[in-house]
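A.B. asks: Before anything else, here's the structure in question.
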Amino acid sequence: MKTAVIVFPGSNCDRDMAVALEAVTGRKPAMVWHGDTSLPDGTALIALPGGFSYGDYLRCGAIAARAAIIPAIVAAAARGVPVLGVCNGFQVLTEIGLLPGALMRNAGIDFVCRDVALTVTNSDSMFTRQYTPGERLIVPVAHHDGNYVADVDTLDRLEGEGRVAFRYAEPVNGAARDIAGIFNDAGNVLGMMPHPERRIEAAHGGSDGRRLFEALLGAVAA
C-alpha cells in the first residue's frame, strides 16, 4: 500500500507516523512536503501527523490549512482516499473543513503528555473495525490544544450518525462529551487527538494503536 505523510514546518511526529506505517505496510511512506502541489500517484492513505505546524501561529493548523498541498488532500478525500489526522493533523482537518468543530486550548491550560484511556465508540469503520464497541485502549496524548468543541447541533449530529470514533474514558482536556476522535460523513477521514502511531509495539508499552493501521491496510487491500 502506497502511503503519504504530509510534512509541515514544525511537524515533530512525522517520523513516528512514518515508522508506524512502514511497520504495518512493509513499505516506506512518501514524505510529502507542504509546498508540493500533488500527491504521489497511487497514494492509498494520507496521514497528517502531529506537531506544531508553522509554530502554531495564529491558531493551531490555521496556516497549514493554506499550504499548497491542501487542495490535493481535499480532492483525494473526496475520491474516497482514507485520510488520518493525528493531534495537529486533527486540527488541520478541522481548519480545512474536512471535519467539523475546532480544537481549543485545554481546559486546564496545561500541556498534557501521558498515556490515557480511550473507549471505542464506533467499531464499524475502515479505521476501527479491528476493535470492539466499548473496548478500552491505552494510547498516549501530547497536546496543549486538544479540547474539541462544536455547537450542540453538530455534536448531536456526530452522535446520531455514529461519527464519534473514540472517547476519553476520563476527562483529559475538557473536550465536549469527552470526544477524542471523529469521522467525516463519508467515513474515510478520521481526526483524533491521541497518538496511535506511538503505541504499535511492545517497546512502546503496548500495541493498542497498531490495529488502527492494520484495519486501514485491510480496508485498502479489499
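Ordering of the C-alpha cells sets the chain letters (A, B, ...); residue numbers start at 1 within each chain; ligands are numbered from 1 in the order shown.
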For the helix (DSSP H, G or I) assignment from backbone DSSP, which residues of region 81-205 of chain A qualify? Please present them as a list in words.

C.D. replies: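 Those in region 81-205 of chain A that DSSP calls helix (DSSP H, G or I) are Asn88, Gly89, Phe90, Gln91, Val92, Leu93, Thr94, Glu95, Val152, Asp153, Thr154, Leu155, Asp156, Arg157, Leu158, Glu159, Gly160, Ala176, Arg177, Asp178, Pro196, Glu197, Arg198, Ala202, Ala203 and His204 of chain A.
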
A.B. asks: Please list as JSON, numbers by chain every residue within 9 Å of region 98-106 of chain A, counting only C-alpha atoms and excluding residues in the same chain fewer than 4 positions away.

C.D. replies: {"A": [59, 60, 74, 77, 90, 91, 92, 93, 94, 110, 111, 112, 143, 144, 145, 146, 147, 148, 149, 150, 151, 154, 155, 172, 173, 174, 175, 182, 183, 184, 185, 189, 190, 191]}

A.B. asks: Taking C-alpha atoms for each residue, export the selection above as a tab-separated table (two decimals), in the first residue's frame.

C.D. replies:
```tsv
chain	number	residue	atom	x	y	z
A	59	ARG	CA	-4.02	29.19	15.89
A	60	CYS	CA	-3.17	25.53	15.59
A	74	VAL	CA	-9.15	17.61	-0.18
A	77	ALA	CA	-10.58	12.68	0.34
A	90	PHE	CA	-6.75	16.71	13.52
A	91	GLN	CA	-6.51	20.46	13.99
A	92	VAL	CA	-5.60	20.88	10.31
A	93	LEU	CA	-8.56	18.72	9.22
A	94	THR	CA	-10.98	20.99	11.07
A	110	ASP	CA	-1.69	22.89	30.57
A	111	PHE	CA	0.18	20.75	28.09
A	112	VAL	CA	-0.99	17.17	28.63
A	143	HIS	CA	-1.18	18.36	23.31
A	144	HIS	CA	-1.92	21.85	24.56
A	145	ASP	CA	-4.92	22.49	22.32
A	146	GLY	CA	-6.84	19.22	22.36
A	147	ASN	CA	-10.17	20.46	23.67
A	148	TYR	CA	-12.66	19.51	20.94
A	149	VAL	CA	-15.55	21.97	20.68
A	150	ALA	CA	-18.61	22.22	18.44
A	151	ASP	CA	-22.12	23.60	18.74
A	154	THR	CA	-23.10	19.45	15.44
A	155	LEU	CA	-22.40	17.32	18.49
A	172	VAL	CA	-8.43	14.80	29.84
A	173	ASN	CA	-8.67	18.25	28.27
A	174	GLY	CA	-12.28	19.43	28.59
A	175	ALA	CA	-13.32	18.12	25.18
A	182	ILE	CA	-14.39	11.82	14.90
A	183	PHE	CA	-15.11	10.75	11.30
A	184	ASN	CA	-16.33	12.76	8.34
A	185	ASP	CA	-19.76	11.95	6.94
A	189	VAL	CA	-11.48	10.82	7.19
A	190	LEU	CA	-10.57	10.37	10.86
A	191	GLY	CA	-9.24	13.06	13.16
```

A.B. asks: Smallest atom-to-atom distance to Pro171 (chain A): which of A:Leu118, A:Ala68, A:Ala215, A:Met31, using only C-alpha atoms?

C.D. replies: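 Among the listed residues, the smallest separation from Pro171 (chain A) belongs to A:Leu118.
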
A.B. asks: DSSP on the backbone, strand (DSSP E) only: what residues of chain A does that give? Format it as number ranges by chain.

C.D. replies: A: 3-7, 30-33, 45-48, 83-86, 102-104, 112-120, 136-143, 147-149, 164-168, 179-183, 189-192

A.B. asks: If we count only C-alpha atoms, what is near Glu159 (chain A) at a cut-off of 12 Å, once residues fewer than 4 positions away on the same chain are taken out, given as a count of residues only?

C.D. replies: 18

A.B. asks: List the neighbours of region 7-15 of chain A out to 8 Å using only C-alpha atoms; skip same-chain residues closer than 3 positions along the sequence, and give me the result as a list of chain:residue names.

C.D. replies: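 Residues meeting the cut-off are A:Ala18, A:Val19, A:Met31, A:Val32, A:Trp33, A:His34, A:Leu48, A:Pro49, A:Gly50, A:Gly51, A:Phe52, A:Ser53, A:Tyr54, A:Gly55, A:Ala64.
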
A.B. asks: Which is closer to Ala142 (chain A) than all the others in A:Arg129, A:Arg114, A:Arg210, A:Arg79, using only C-alpha atoms?

C.D. replies: A:Arg114

A.B. asks: Would you kindly return, as a PyMOL selection string, each protein, DNA or RNA residue with an atom no farther than 6 Å from any atom of Met193 (chain A), considering only C-alpha atoms and excluding same-chain residues fewer than 2 positions away?

C.D. replies: chain A and resi 86-87+180

A.B. asks: Out of A:Ala203, A:Gly42, A:Pro133, A:Leu21, which residue has the shortest atom-to-atom distance to Val5 (chain A) when counting only C-alpha atoms?

C.D. replies: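 Closest to Val5 (chain A) of all the choices is A:Leu21.
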
A.B. asks: In Å, rounded to a single decimal, give me how far CA of Pro71 (chain A) is from CA of Asp124 (chain A).

C.D. replies: 28.3 Å

A.B. asks: Do a neighbour search on Gly209 (chain A) at 8 Å with only C-alpha atoms, toss out local chain neighbours closer than 2 positions, and write the hits as a list of chain:residue names.

C.D. replies: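 Once the adjacent positions are removed, what remains is A:Val139, A:His195, A:Pro196, A:Glu197, A:Arg198, A:Arg199, A:Ile200, A:Ser207, A:Arg211, A:Leu212, A:Phe213.
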
A.B. asks: Using only C-alpha atoms, which of the listed residues (A:Thr132, A:Gly61, A:Asp115, A:Lys2) sits closest to His204 (chain A)?

C.D. replies: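 Closest to His204 (chain A), using only C-alpha atoms: A:Asp115.
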
A.B. asks: Ranking A:Pro140, A:Gly89, A:Gly35, A:Gly108 by minimum distance to Ala72 (chain A) and counting only C-alpha atoms, which one comes first?

C.D. replies: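 Checking each candidate against Ala72 (chain A), we get A:Gly35 as the closest.
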